[in-house]
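J.: Okay, here's the structure, questions in a sec.
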Amino acid sequence: MFKKKKNGVYRARLVALGYNQIPGVDFFDNFAPVVNDTTFRCLLVLAITKKWDMEVIDIETAFLYGDLDMEIYMKIPSGMKEVFGVDSNNICLQLDKSIYGLVQAAWQWFTTFMNVMKMLDFKRARIDPCLLSRMDE
């Protein structure tokens, strides 16, 4: 995907053509849970009443950190032929990490994130899978 920025510089981003993926063949899980709005509001009220410090983070490249649990191949984009000097019809790329456009990218990111949180001893709440807590002693 090519985009021209306001300053005239072109930006390129490698994006998979996820609409070509076949359910049950190319991916199995594609749903990543999202925090319930009631849970979020209750957490805000609790933080205000307890005077907790809060911080919001936005991981802009989150989908690029998801570890793939299956082999996924994609065609080399047409513009890459000139860069590598190869015939793009005979070569493909094997992805090690998920990229934008993959149907399962959100699921892969959530799975990777939850594995890290488990290593840090965070536990999921029964009422909301996106609510994590850890008790420090």
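Residue names in the structure tokens use chain letters A, B, ... in the order shown, residue numbers from 1 in each chain, and ligand numbers from 1 in the order shown.
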Can you pull out the residues contacting Met114 of chain A? Cut-off 12 Å, using only C-alpha atoms, and skip same-chain residues under 6 positions away; I want them as an MDAnalysis selection string.

T.: chainID A and resid 32:33 66:67 107:108 120:124 129:132

J.: From the list A:Ile59, A:Cys42, A:Cys92, A:Ala16, which residue is nearest Lys75 of chain A when using only C-alpha atoms?

T.: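 Nearest to Lys75 of chain A: A:Cys92.
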
J.: Using DSSP on the backbone, list every residue of segment 31-64 of chain A that comes out as alpha helix (DSSP H), and give them as an NGL selection string.

T.: :A and (37-50)

J.: Restricting the calculation to only C-alpha atoms, which member of A:Leu64, A:Met135, A:Leu44, A:Ala125 is positioned closest to Leu102 of chain A?

T.: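 Of A:Leu64, A:Met135, A:Leu44, A:Ala125, the one nearest Leu102 of chain A is A:Leu64, counting only C-alpha atoms.
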
J.: Figure out the distance between atom CA of Val35 of chain A and atom CA of Val15 of chain A, please, to one decimal in Å.

T.: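 Atom-to-atom, atom CA of Val15 of chain A and atom CA of Val35 of chain A are spaced 26.4 Å apart.
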
J.: So which one's closest to Ile99 of chain A, A:Tyr65, A:Tyr10, A:Phe113, A:Tyr73? Using only C-alpha atoms, please.

T.: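 Of A:Tyr65, A:Tyr10, A:Phe113, A:Tyr73, the one nearest Ile99 of chain A, counting only C-alpha atoms, is A:Tyr65.
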
J.: Quote the spacing between atom CA of Gln94 of chain A and atom CA of Glu71 of chain A in Å to one decimal place.

T.: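 We find that atom CA of Gln94 of chain A and atom CA of Glu71 of chain A lie 7.1 Å from each other.
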